[in-house]
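Containing mmCIF, C-alpha atoms: my_file-v8.cif.
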data_protein
#
loop_
_atom_site.label_atom_id
_atom_site.label_comp_id
_atom_site.auth_asym_id
_atom_site.auth_seq_id
_atom_site.Cartn_x
_atom_site.Cartn_y
_atom_site.Cartn_z
CA MET A 1 -52.28 -103.31 -10.36
CA GLU A 2 -51.08 -106.53 -8.76
CA CYS A 3 -47.38 -106.91 -8.03
CA PRO A 4 -45.83 -109.39 -10.51
CA HIS A 5 -44.35 -111.33 -7.58
CA THR A 6 -47.62 -111.86 -5.73
CA LEU A 7 -48.79 -114.89 -7.69
CA VAL A 8 -45.63 -116.88 -6.97
CA GLU A 9 -44.79 -115.42 -3.56
CA PRO A 10 -44.84 -118.82 -1.76
CA ALA A 11 -42.34 -120.25 -4.24
CA LEU A 12 -40.13 -117.17 -3.95
CA ASP A 13 -40.24 -117.41 -0.18
CA ARG A 14 -39.17 -121.05 -0.23
CA TRP A 15 -36.37 -120.17 -2.66
CA MET A 16 -35.12 -117.58 -0.19
CA GLU A 17 -35.26 -120.24 2.49
CA CYS A 18 -32.91 -122.29 0.30
CA HIS A 19 -30.59 -119.28 0.31
CA TRP A 20 -30.53 -119.30 4.10
CA HIS A 21 -29.76 -123.03 4.20
CA LEU A 22 -26.82 -122.49 1.84
CA HIS A 23 -25.21 -120.17 4.36
CA GLN A 24 -25.84 -122.72 7.09
CA MET A 25 -23.95 -125.22 4.96
CA GLU A 26 -21.07 -122.79 4.65
CA ALA A 27 -21.03 -122.07 8.38
CA SER A 28 -21.11 -125.77 9.34
CA TYR A 29 -18.83 -127.04 6.57
CA HIS A 30 -16.25 -128.40 9.02
CA GLU A 31 -18.83 -130.09 11.30
CA PRO A 32 -20.12 -133.29 9.62
CA ASP A 33 -23.49 -133.69 11.36
CA ALA A 34 -24.37 -130.01 11.17
CA PHE A 35 -23.39 -129.96 7.49
CA ARG A 36 -25.62 -132.96 6.74
CA TYR A 37 -28.54 -131.38 8.60
CA ALA A 38 -28.15 -128.14 6.64
CA LEU A 39 -27.87 -130.06 3.37
CA ASN A 40 -31.00 -132.02 4.22
CA SER A 41 -32.93 -128.82 4.91
CA PHE A 42 -31.68 -127.26 1.68
CA ILE A 43 -32.75 -130.22 -0.45
CA ARG A 44 -36.17 -130.41 1.22
CA ALA A 45 -36.83 -126.72 0.49
CA PHE A 46 -35.37 -127.08 -3.02
CA LYS A 47 -37.83 -129.87 -3.86
CA GLU A 48 -40.79 -127.79 -2.72
CA VAL A 49 -40.11 -124.76 -4.91
CA PRO A 50 -41.12 -126.38 -8.26
CA GLN A 51 -44.13 -128.00 -6.56
CA LEU A 52 -45.33 -124.66 -5.21
CA LEU A 53 -44.69 -122.91 -8.51
CA THR A 54 -46.65 -125.53 -10.45
CA MET A 55 -49.66 -125.13 -8.16
CA GLN A 56 -49.53 -121.34 -8.34
CA ILE A 57 -49.46 -121.10 -12.14
CA GLN A 58 -51.76 -124.03 -12.99
CA ASN A 59 -54.63 -121.72 -13.95
CA HIS A 60 -52.40 -119.37 -15.98
CA SER A 61 -51.84 -121.18 -19.27
CA ASP A 62 -50.01 -118.29 -20.97
CA LEU A 63 -47.56 -118.08 -18.08
CA LYS A 64 -47.08 -121.87 -18.04
CA ASN A 65 -46.27 -121.84 -21.76
CA ALA A 66 -43.88 -118.92 -21.38
CA ILE A 67 -41.71 -120.58 -18.74
CA GLU A 68 -42.04 -124.20 -19.92
CA PRO A 69 -38.64 -124.33 -21.74
CA VAL A 70 -36.63 -123.21 -18.73
CA PHE A 71 -38.80 -125.21 -16.33
CA LYS A 72 -38.36 -128.35 -18.43
CA ALA A 73 -34.59 -127.82 -18.60
CA LEU A 74 -34.51 -127.80 -14.80
CA ARG A 75 -36.68 -130.91 -14.42
CA ASP A 76 -34.63 -132.83 -17.00
CA SER A 77 -31.26 -131.99 -15.46
CA ASP A 78 -29.20 -134.55 -13.54
CA LEU A 79 -28.87 -131.96 -10.81
CA TYR A 80 -32.64 -131.85 -10.26
CA ARG A 81 -33.07 -135.60 -10.60
CA VAL A 82 -30.43 -136.49 -8.01
CA LEU A 83 -31.44 -133.88 -5.46
CA THR A 84 -35.15 -134.58 -5.67
CA THR A 85 -35.08 -138.38 -5.79
CA LYS A 86 -32.10 -139.24 -3.57
CA ARG A 87 -32.34 -136.85 -0.63
CA ASN A 88 -32.57 -139.61 1.97
CA PHE A 89 -29.61 -141.37 0.42
CA LEU A 90 -27.48 -138.24 0.19
CA VAL A 91 -27.93 -137.04 3.75
CA HIS A 92 -28.02 -140.40 5.52
CA GLN A 93 -25.14 -140.80 7.94
CA GLY A 94 -22.32 -142.60 6.15
CA MET A 95 -23.39 -141.75 2.59
CA LEU A 96 -20.86 -138.93 2.38
CA ASP A 97 -18.07 -141.34 3.32
CA LEU A 98 -17.61 -142.72 -0.18
CA GLU A 99 -15.76 -139.91 -1.93
CA SER A 100 -15.11 -137.14 0.61
CA ARG A 101 -11.46 -136.42 1.33
CA GLY A 102 -9.09 -134.00 2.99
CA SER A 103 -5.52 -132.77 3.39
CA ALA A 104 -3.32 -131.02 5.91
CA GLY A 105 -0.60 -128.43 5.62
CA THR A 106 0.10 -124.75 6.10
CA THR A 107 -1.05 -121.36 4.86
CA GLU A 108 0.45 -117.89 4.69
CA GLY A 109 -2.43 -115.47 5.01
CA HIS A 110 -5.09 -116.75 2.61
CA LYS A 111 -2.57 -118.53 0.39
CA VAL A 112 -1.71 -122.21 0.57
CA LYS A 113 1.97 -122.75 1.33
CA ILE A 114 1.97 -126.54 1.31
CA SER A 115 -0.65 -129.28 1.52
CA PHE A 116 -0.22 -133.00 1.92
CA PRO A 117 -2.79 -135.81 1.61
CA PHE A 118 -4.19 -136.47 5.06
CA ARG A 119 -7.24 -138.59 5.73
CA VAL A 120 -10.02 -136.43 7.17
CA HIS A 121 -12.74 -138.90 8.12
CA PRO A 122 -16.24 -137.84 7.01
CA TRP A 123 -17.58 -138.53 10.51
CA GLU A 124 -15.05 -136.32 12.32
CA SER A 125 -14.90 -132.56 12.56
CA SER A 126 -11.93 -130.68 11.16
CA ASN A 127 -10.95 -129.85 14.75
CA GLU A 128 -10.77 -133.56 15.51
CA ALA A 129 -8.72 -134.19 12.38
CA TYR A 130 -6.38 -131.39 13.46
CA VAL A 131 -5.71 -133.19 16.76
CA ARG A 132 -4.58 -136.24 14.78
CA TYR A 133 -2.49 -134.04 12.48
CA LYS A 134 -0.66 -132.58 15.47
CA GLU A 135 -0.03 -136.04 16.85
CA VAL A 136 1.54 -137.10 13.55
CA CYS A 137 3.82 -134.05 13.63
CA ARG A 138 4.67 -134.65 17.29
CA THR A 139 5.69 -138.27 16.78
CA ASP A 140 7.19 -138.12 13.27
CA LYS A 141 9.90 -135.47 12.91
CA MET A 142 10.16 -136.01 9.18
CA MET A 143 6.45 -135.31 8.71
CA ARG A 144 6.77 -132.35 11.08
CA SER A 145 9.42 -130.83 8.82
CA LEU A 146 7.43 -131.58 5.66
CA ILE A 147 3.89 -130.49 6.49
CA GLY A 148 4.15 -128.53 9.76
CA PRO A 149 4.17 -124.74 9.97
CA ASP A 150 7.26 -122.57 10.24
CA CYS A 151 7.65 -119.00 11.50
CA ASP A 152 5.81 -117.61 8.46
CA SER A 153 2.86 -119.98 8.26
CA ALA A 154 -0.06 -121.43 10.17
CA PRO A 155 -1.38 -125.02 10.26
CA ALA A 156 -4.57 -125.83 8.38
CA ILE A 157 -6.96 -128.63 7.47
CA TRP A 158 -8.70 -128.84 4.08
CA ARG A 159 -11.72 -130.98 3.35
CA THR A 160 -14.30 -131.60 0.64
CA TRP A 161 -17.74 -133.22 0.57
CA LEU A 162 -18.08 -135.40 -2.52
CA ILE A 163 -20.45 -138.12 -3.73
CA ARG A 164 -20.31 -140.33 -6.81
CA GLU A 165 -23.38 -138.75 -8.38
CA PHE A 166 -21.45 -135.48 -8.84
CA PRO A 167 -17.87 -136.62 -9.57
CA GLY A 168 -15.22 -134.09 -8.67
CA ARG A 169 -17.75 -131.51 -7.48
CA ASP A 170 -18.12 -130.42 -3.89
CA LEU A 171 -21.68 -130.66 -2.58
CA LEU A 172 -21.61 -127.04 -1.50
CA ASP A 173 -20.90 -125.98 -5.09
CA VAL A 174 -23.66 -128.30 -6.31
CA ALA A 175 -26.14 -126.72 -3.89
CA PHE A 176 -25.27 -123.20 -5.02
CA GLU A 177 -25.76 -124.22 -8.65
CA ALA A 178 -29.12 -125.77 -7.77
CA TRP A 179 -30.20 -122.51 -6.11
CA THR A 180 -29.20 -120.58 -9.24
CA LYS A 181 -31.08 -122.95 -11.57
CA LEU A 182 -34.21 -122.55 -9.47
CA GLY A 183 -33.73 -118.81 -9.55
CA GLU A 184 -33.62 -118.85 -13.35
CA VAL A 185 -37.05 -120.48 -13.46
CA LEU A 186 -38.50 -118.02 -10.95
CA SER A 187 -36.87 -115.10 -12.71
CA ALA A 188 -38.42 -116.17 -16.03
CA THR A 189 -41.77 -116.38 -14.25
CA VAL A 190 -41.76 -112.87 -12.80
CA GLU A 191 -40.29 -111.44 -16.01
CA ALA A 192 -43.19 -112.97 -17.94
CA ARG A 193 -45.46 -111.04 -15.57
CA GLY A 194 -43.68 -107.75 -16.24
CA ALA A 195 -41.13 -107.61 -13.40
CA GLU A 196 -37.38 -107.09 -13.49
CA PRO A 197 -35.16 -110.20 -13.51
CA LEU A 198 -34.26 -111.60 -10.11
CA ASP A 199 -30.76 -111.01 -8.79
CA LEU A 200 -28.95 -114.34 -9.02
CA SER A 201 -25.44 -113.00 -8.41
CA MET A 202 -25.24 -114.15 -4.74
CA PRO A 203 -22.72 -111.46 -3.65
CA CYS A 204 -22.98 -112.74 -0.08
CA ARG A 205 -21.45 -116.09 -0.97
CA HIS A 206 -18.11 -116.80 0.70
CA ASP A 207 -15.13 -117.83 -1.38
CA PRO A 208 -15.54 -121.64 -1.59
CA GLU A 209 -11.78 -122.19 -1.40
CA HIS A 210 -11.73 -120.28 1.90
CA VAL A 211 -14.73 -122.22 3.21
CA LYS A 212 -12.97 -125.54 2.58
CA VAL A 213 -9.98 -124.67 4.76
CA ARG A 214 -9.90 -124.27 8.54
CA ARG A 215 -6.86 -122.45 9.88
CA PHE A 216 -5.43 -122.97 13.34
CA SER A 217 -3.14 -121.07 15.69
CA GLN A 218 0.54 -121.05 14.80
CA ARG A 219 1.49 -120.25 18.41
CA GLU A 220 -0.64 -123.08 19.82
CA PHE A 221 0.85 -125.57 17.36
CA PHE A 222 4.45 -124.71 18.26
CA LEU A 223 3.62 -124.85 21.95
CA ASP A 224 1.70 -128.13 21.79
CA VAL A 225 3.85 -129.98 19.25
CA ASP A 226 7.35 -128.55 19.76
CA GLY A 227 7.16 -127.20 23.29
CA ILE A 228 8.16 -123.76 21.99
CA ASP A 229 6.38 -120.61 23.14
CA LEU A 230 6.82 -118.21 20.22
CA ALA A 231 5.74 -115.17 22.22
CA LYS A 232 8.25 -116.00 24.95
CA GLU A 233 11.02 -116.61 22.41
CA GLU A 234 10.36 -113.28 20.73
CA ARG A 235 10.46 -111.47 24.08
CA LYS A 236 13.79 -113.13 24.86
CA TRP A 237 15.13 -112.08 21.46
CA ARG A 238 14.02 -108.49 21.96
CA GLU A 239 15.60 -108.31 25.39
CA GLU A 240 18.87 -109.76 24.09
CA ASN A 241 18.81 -107.45 21.08
CA MET A 242 18.27 -104.40 23.29
CA ARG A 243 21.09 -105.50 25.61
CA ARG A 244 23.57 -105.96 22.78
CA THR A 245 22.69 -102.73 20.99
CA SER A 246 22.86 -100.74 24.21
CA GLU A 247 26.35 -102.10 24.88
CA CYS A 248 27.66 -101.07 21.47
CA GLY A 249 25.53 -97.96 21.07
CA ALA A 250 23.92 -99.16 17.84
CA THR A 251 20.30 -98.68 16.81
CA PRO A 252 18.14 -101.68 17.80
CA THR A 253 17.22 -103.91 14.90
CA THR A 254 13.79 -105.28 14.13
CA PRO A 255 12.95 -108.97 14.50
CA ASP A 256 12.83 -109.85 10.83
CA ASP A 257 13.61 -113.27 9.43
CA SER A 258 17.25 -112.39 8.67
CA ILE A 259 17.98 -111.86 12.38
CA TYR A 260 15.48 -113.86 14.37
CA SER A 261 13.08 -116.53 13.36
CA PRO A 262 11.53 -119.12 15.65
CA LYS A 263 12.15 -122.27 13.68
CA SER A 264 10.51 -125.65 13.79
CA PRO A 265 12.78 -128.53 14.74
CA SER A 266 14.65 -130.21 11.92
CA PRO A 267 14.48 -133.99 11.54
CA ALA A 268 17.89 -134.18 13.19
CA ASP A 269 16.78 -132.33 16.34
#

Starting from the file, lay out its structure as C-alpha coordinates.
Amino acid sequence: MECPHTLVEPALDRWMECHWHLHQMEASYHEPDAFRYALNSFIRAFKEVPQLLTMQIQNHSDLKNAIEPVFKALRDSDLYRVLTTKRNFLVHQGMLDLESRGSAGTTEGHKVKISFPFRVHPWESSNEAYVRYKEVCRTDKMMRSLIGPDCDSAPAIWRTWLIREFPGRDLLDVAFEAWTKLGEVLSATVEARGAEPLDLSMPCRHDPEHVKVRRFSQREFFLDVDGIDLAKEERKWREENMRRTSECGATPTTPDDSIYSPKSPSPAD
(Lines of atoms letter the chains of each structure in order from A and count residues from 1; the text may use other names and numbers.)
(Lines give C-alpha, C1' and ligand atoms only; values in the text may rest on other atoms or scores of the structure.)
Protein backbone atom coordinates (compact mmCIF):
# COMPACT_ATOMS: atom_id res chain seq x y z
CA MET A 1 0.00 0.00 0.00
CA GLU A 2 1.37 3.40 -0.96
CA CYS A 3 2.33 5.81 1.81
CA PRO A 4 -0.26 8.63 1.99
CA HIS A 5 2.58 11.18 1.82
CA THR A 6 4.13 9.86 -1.38
CA LEU A 7 1.82 11.65 -3.80
CA VAL A 8 2.58 15.09 -2.37
CA GLU A 9 6.16 14.47 -1.25
CA PRO A 10 7.63 17.33 -3.36
CA ALA A 11 5.21 19.83 -1.81
CA LEU A 12 5.94 18.51 1.69
CA ASP A 13 9.66 18.79 1.05
CA ARG A 14 9.35 22.40 -0.08
CA TRP A 15 7.22 23.15 2.99
CA MET A 16 10.00 21.79 5.19
CA GLU A 17 12.41 24.02 3.30
CA CYS A 18 10.20 26.95 4.36
CA HIS A 19 10.66 25.75 7.93
CA TRP A 20 14.42 25.94 7.55
CA HIS A 21 14.24 29.46 6.12
CA LEU A 22 12.15 30.57 9.10
CA HIS A 23 14.98 29.64 11.44
CA GLN A 24 17.41 31.50 9.21
CA MET A 25 15.20 34.56 9.63
CA GLU A 26 15.32 34.13 13.39
CA ALA A 27 19.10 33.70 13.40
CA SER A 28 19.70 36.76 11.18
CA TYR A 29 17.00 38.98 12.67
CA HIS A 30 19.49 41.64 13.78
CA GLU A 31 21.41 41.68 10.47
CA PRO A 32 19.35 43.55 7.82
CA ASP A 33 20.80 42.07 4.63
CA ALA A 34 20.89 38.52 5.95
CA PHE A 35 17.32 38.88 7.19
CA ARG A 36 16.13 40.10 3.78
CA TYR A 37 17.92 37.23 2.02
CA ALA A 38 16.30 34.69 4.35
CA LEU A 39 12.89 36.32 3.89
CA ASN A 40 13.34 36.23 0.13
CA SER A 41 14.18 32.52 0.22
CA PHE A 42 11.21 31.80 2.47
CA ILE A 43 8.74 33.58 0.19
CA ARG A 44 10.14 31.89 -2.93
CA ALA A 45 9.71 28.44 -1.35
CA PHE A 46 6.29 29.42 0.04
CA LYS A 47 5.02 30.33 -3.44
CA GLU A 48 6.14 26.99 -4.86
CA VAL A 49 4.29 24.78 -2.38
CA PRO A 50 0.75 25.43 -3.75
CA GLN A 51 2.06 25.16 -7.31
CA LEU A 52 3.63 21.77 -6.61
CA LEU A 53 0.56 20.56 -4.75
CA THR A 54 -1.75 21.56 -7.60
CA MET A 55 0.35 19.64 -10.12
CA GLN A 56 0.54 16.56 -7.91
CA ILE A 57 -3.21 16.25 -7.30
CA GLN A 58 -4.49 17.37 -10.71
CA ASN A 59 -5.44 13.81 -11.71
CA HIS A 60 -7.08 13.03 -8.34
CA SER A 61 -10.47 14.73 -8.51
CA ASP A 62 -11.76 13.29 -5.22
CA LEU A 63 -8.70 14.59 -3.39
CA LYS A 64 -8.97 18.00 -5.09
CA ASN A 65 -12.61 18.29 -4.00
CA ALA A 66 -11.79 17.22 -0.45
CA ILE A 67 -9.17 19.90 0.13
CA GLU A 68 -10.70 22.67 -2.01
CA PRO A 69 -12.28 24.61 0.93
CA VAL A 70 -9.04 24.92 2.88
CA PHE A 71 -7.00 25.46 -0.28
CA LYS A 72 -9.35 28.23 -1.43
CA ALA A 73 -9.20 29.89 2.01
CA LEU A 74 -5.42 30.06 1.66
CA ARG A 75 -5.48 31.44 -1.89
CA ASP A 76 -8.08 34.08 -0.97
CA SER A 77 -6.23 35.32 2.10
CA ASP A 78 -4.41 38.67 2.19
CA LEU A 79 -1.43 36.80 3.58
CA TYR A 80 -1.15 34.62 0.47
CA ARG A 81 -1.86 37.48 -1.92
CA VAL A 82 0.82 39.79 -0.51
CA LEU A 83 3.52 37.16 -0.19
CA THR A 84 2.98 35.65 -3.62
CA THR A 85 2.52 38.84 -5.64
CA LYS A 86 4.85 41.31 -3.90
CA ARG A 87 7.97 39.30 -3.10
CA ASN A 88 10.28 41.55 -5.11
CA PHE A 89 8.80 44.61 -3.46
CA LEU A 90 9.01 43.20 0.05
CA VAL A 91 12.62 42.08 -0.06
CA HIS A 92 14.06 44.88 -2.18
CA GLN A 93 16.63 46.91 -0.29
CA GLY A 94 14.88 49.91 1.25
CA MET A 95 11.35 48.47 1.23
CA LEU A 96 11.59 47.54 4.90
CA ASP A 97 12.50 51.13 5.77
CA LEU A 98 8.93 52.40 5.78
CA GLU A 99 7.58 51.04 9.05
CA SER A 100 10.40 49.21 10.83
CA ARG A 101 11.44 50.67 14.16
CA GLY A 102 13.48 50.05 17.28
CA SER A 103 14.25 51.04 20.86
CA ALA A 104 17.07 50.92 23.37
CA GLY A 105 17.22 50.28 27.07
CA THR A 106 18.08 47.64 29.64
CA THR A 107 17.09 44.14 30.69
CA GLU A 108 17.34 42.10 33.87
CA GLY A 109 17.68 38.50 32.79
CA HIS A 110 14.99 37.98 30.15
CA LYS A 111 12.80 40.78 31.49
CA VAL A 112 12.70 44.31 30.15
CA LYS A 113 13.67 46.85 32.81
CA ILE A 114 13.29 49.99 30.72
CA SER A 115 13.06 50.80 27.03
CA PHE A 116 13.15 54.13 25.28
CA PRO A 117 12.39 55.02 21.64
CA PHE A 118 15.66 54.91 19.74
CA ARG A 119 15.91 54.99 15.97
CA VAL A 120 17.35 51.70 14.71
CA HIS A 121 17.87 52.27 11.00
CA PRO A 122 16.61 49.39 8.81
CA TRP A 123 19.93 49.35 6.93
CA GLU A 124 22.12 49.00 10.04
CA SER A 125 22.71 45.97 12.21
CA SER A 126 21.71 46.02 15.86
CA ASN A 127 25.42 46.02 16.73
CA GLU A 128 25.85 49.22 14.74
CA ALA A 129 22.82 50.76 16.44
CA TYR A 130 24.32 49.80 19.80
CA VAL A 131 27.48 51.79 18.99
CA ARG A 132 25.30 54.87 18.46
CA TYR A 133 23.37 54.13 21.66
CA LYS A 134 26.61 54.05 23.65
CA GLU A 135 27.71 57.32 22.11
CA VAL A 136 24.44 58.96 23.19
CA CYS A 137 24.96 57.70 26.75
CA ARG A 138 28.61 58.81 26.71
CA THR A 139 27.84 62.36 25.61
CA ASP A 140 24.47 62.94 27.32
CA LYS A 141 24.56 62.25 31.07
CA MET A 142 20.82 62.70 31.40
CA MET A 143 20.15 60.03 28.77
CA ARG A 144 22.80 57.84 30.41
CA SER A 145 20.89 57.98 33.68
CA LEU A 146 17.54 57.37 31.97
CA ILE A 147 18.22 54.52 29.55
CA GLY A 148 21.65 53.17 30.49
CA PRO A 149 22.22 50.04 32.58
CA ASP A 150 22.91 49.98 36.30
CA CYS A 151 24.52 47.29 38.45
CA ASP A 152 21.49 45.00 38.04
CA SER A 153 20.87 45.31 34.31
CA ALA A 154 22.42 44.94 30.88
CA PRO A 155 22.09 47.19 27.80
CA ALA A 156 19.92 46.01 24.93
CA ILE A 157 18.59 46.96 21.51
CA TRP A 158 15.08 46.04 20.33
CA ARG A 159 13.94 46.09 16.73
CA THR A 160 11.01 45.07 14.56
CA TRP A 161 10.54 44.48 10.82
CA LEU A 162 7.25 45.99 9.69
CA ILE A 163 5.62 46.87 6.36
CA ARG A 164 2.37 48.67 5.60
CA GLU A 165 0.74 45.58 4.11
CA PHE A 166 0.72 43.94 7.55
CA PRO A 167 0.14 46.86 9.96
CA GLY A 168 1.46 46.27 13.45
CA ARG A 169 2.71 42.77 12.65
CA ASP A 170 6.34 41.78 12.56
CA LEU A 171 7.37 40.05 9.33
CA LEU A 172 8.78 37.12 11.27
CA ASP A 173 5.36 36.51 12.84
CA VAL A 174 3.75 36.85 9.42
CA ALA A 175 6.12 34.24 7.97
CA PHE A 176 5.38 31.76 10.75
CA GLU A 177 1.65 32.20 10.19
CA ALA A 178 2.14 31.64 6.46
CA TRP A 179 4.01 28.40 7.18
CA THR A 180 1.15 27.24 9.42
CA LYS A 181 -1.51 28.07 6.82
CA LEU A 182 0.39 26.07 4.22
CA GLY A 183 0.68 23.24 6.69
CA GLU A 184 -3.08 23.19 7.17
CA VAL A 185 -3.59 22.62 3.45
CA LEU A 186 -0.97 19.87 3.33
CA SER A 187 -2.33 18.29 6.49
CA ALA A 188 -5.84 18.19 4.99
CA THR A 189 -4.33 16.55 1.90
CA VAL A 190 -2.56 13.71 3.69
CA GLU A 191 -5.51 13.22 6.05
CA ALA A 192 -7.78 12.80 3.02
CA ARG A 193 -5.41 10.03 1.95
CA GLY A 194 -5.64 8.27 5.31
CA ALA A 195 -2.63 9.68 7.18
CA GLU A 196 -2.40 11.34 10.57
CA PRO A 197 -2.55 15.16 10.69
CA LEU A 198 0.76 16.95 10.29
CA ASP A 199 2.38 18.46 13.37
CA LEU A 200 1.96 22.23 13.05
CA SER A 201 2.95 23.09 16.62
CA MET A 202 6.50 24.29 15.74
CA PRO A 203 8.01 23.52 19.19
CA CYS A 204 11.42 24.56 17.87
CA ARG A 205 10.33 28.16 17.39
CA HIS A 206 12.16 30.68 19.57
CA ASP A 207 10.21 33.12 21.70
CA PRO A 208 9.63 36.04 19.28
CA GLU A 209 10.03 38.60 22.06
CA HIS A 210 13.48 37.17 22.79
CA VAL A 211 14.40 37.15 19.09
CA LYS A 212 13.59 40.86 18.78
CA VAL A 213 16.05 41.89 21.50
CA ARG A 214 19.84 41.75 21.36
CA ARG A 215 21.56 41.98 24.74
CA PHE A 216 25.05 43.34 25.25
CA SER A 217 27.72 43.14 27.93
CA GLN A 218 27.10 45.14 31.08
CA ARG A 219 30.82 45.14 31.90
CA GLU A 220 31.82 46.35 28.43
CA PHE A 221 29.24 49.15 28.56
CA PHE A 222 30.48 50.48 31.90
CA LEU A 223 34.07 50.28 30.74
CA ASP A 224 33.47 51.92 27.36
CA VAL A 225 30.93 54.56 28.39
CA ASP A 226 31.81 55.34 32.02
CA GLY A 227 35.43 54.25 32.21
CA ILE A 228 34.53 51.91 35.08
CA ASP A 229 35.84 48.35 35.23
CA LEU A 230 33.19 46.50 37.24
CA ALA A 231 35.39 43.45 37.80
CA LYS A 232 38.19 45.64 39.12
CA GLU A 233 35.82 47.60 41.35
CA GLU A 234 34.41 44.40 42.83
CA ARG A 235 37.91 43.08 43.54
CA LYS A 236 38.76 46.35 45.29
CA TRP A 237 35.58 46.10 47.35
CA ARG A 238 36.33 42.52 48.36
CA GLU A 239 39.87 43.39 49.39
CA GLU A 240 38.67 46.36 51.43
CA ASN A 241 35.89 44.30 52.99
CA MET A 242 38.33 41.56 53.98
CA ARG A 243 40.74 44.13 55.45
CA ARG A 244 38.06 45.79 57.56
CA THR A 245 36.52 42.56 58.81
CA SER A 246 39.92 41.12 59.69
CA GLU A 247 40.70 44.23 61.75
CA CYS A 248 37.50 43.98 63.78
CA GLY A 249 37.24 40.20 63.78
CA ALA A 250 33.81 40.17 62.14
CA THR A 251 32.58 37.71 59.53
CA PRO A 252 33.12 39.03 55.98
CA THR A 253 29.97 40.25 54.32
CA THR A 254 28.84 39.45 50.81
CA PRO A 255 28.80 42.05 48.04
CA ASP A 256 25.07 42.57 47.86
CA ASP A 257 23.42 45.79 46.77
CA SER A 258 23.01 47.07 50.35
CA ILE A 259 26.79 47.17 50.84
CA TYR A 260 28.40 47.51 47.45
CA SER A 261 26.98 48.34 44.10
CA PRO A 262 28.90 49.71 41.13
CA LYS A 263 26.70 52.59 40.13
CA SER A 264 26.38 54.48 36.89
CA PRO A 265 27.22 58.17 37.08
CA SER A 266 24.40 60.50 38.00
CA PRO A 267 23.65 63.52 35.82
CA ALA A 268 25.51 65.65 38.35
CA ASP A 269 28.74 63.61 38.10

Selection under test: the PyMOL selection byres ((chain A and resi 99) around 12); residues as a list in words: Gly94, Met95, Leu96, Asp97, Leu98, Ser100, Arg101, Gly102, Arg119, Val120, His121, Pro122, Arg159, Thr160, Trp161, Leu162, Ile163, Arg164, Glu165, Phe166, Pro167, Gly168, Arg169, Asp170 and Leu171 of chain A

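If all atoms listed in the file are the atoms counted, then among A:Ser153, A:Ser145, A:Asn40, A:Asn127 the closest residue to His110 in chain A is A:Ser153.
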
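Closest to Arg81 in chain A among A:Lys47, A:Glu128, A:Lys134, A:Trp15 is A:Lys47, based on all atoms listed in the file.
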
Would you be able to write out as a PyMOL selection string which residues have an atom within 12 Å of (-4.0, -119.0, 17.9) in the file's coordinates, counting all atoms listed in the file? chain A and resi 153-156+215-224+229-231

Between A:Ile114, A:Val136, A:Met55, A:Ile43, which is the closest to Thr85 in chain A once you count all atoms listed in the file? A:Ile43

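Distance annotation: of A:Leu198, A:Leu83, A:Ala73, A:Val131, the residue with the minimal separation from Ile157 in chain A is A:Val131; atom set is all atoms listed in the file.
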
Mind dumping a table of every range 17-66 of chain A residue within 10 Å of range 179-194 of chain A, with the nearest atom pair and its distance in Å to one decimal, using only C-alpha atoms, sorted by chain and rising number, as a Markdown table?
| residue | atom | partner | partner_atom | distance |
| --- | --- | --- | --- | --- |
| A:Cys18 | CA | A:Trp179 | CA | 7.0 |
| A:His19 | CA | A:Trp179 | CA | 7.2 |
| A:Leu22 | CA | A:Trp179 | CA | 8.6 |
| A:Phe42 | CA | A:Trp179 | CA | 9.2 |
| A:Ile43 | CA | A:Trp179 | CA | 9.9 |
| A:Phe46 | CA | A:Trp179 | CA | 7.6 |
| A:Lys47 | CA | A:Leu182 | CA | 9.9 |
| A:Val49 | CA | A:Leu182 | CA | 7.8 |
| A:Pro50 | CA | A:Leu182 | CA | 8.0 |
| A:Leu53 | CA | A:Leu186 | CA | 8.3 |
| A:Ile57 | CA | A:Thr189 | CA | 9.3 |
| A:Asp62 | CA | A:Ala192 | CA | 9.2 |
| A:Leu63 | CA | A:Ala192 | CA | 6.7 |
| A:Lys64 | CA | A:Thr189 | CA | 8.5 |
| A:Ala66 | CA | A:Ala192 | CA | 6.9 |

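Note that CA of Cys204 in chain A and CA of Phe35 in chain A are 18.8 Å apart.
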
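In this comparison, which uses only C-alpha atoms, the residue of A:Glu209, A:Glu135, A:Glu177, A:Asp13 approaching Asp78 in chain A most closely is A:Glu177.
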
Output check: residues returned by the PyMOL selection byres ((chain A and resi 147) around 8), as a ChimeraX atom specification: /A:104-106,114-116,137,143-146,148-149

Point-to-point distance in Å for CA of Gln24 in chain A and CA of Ser41 in chain A: 9.6 Å
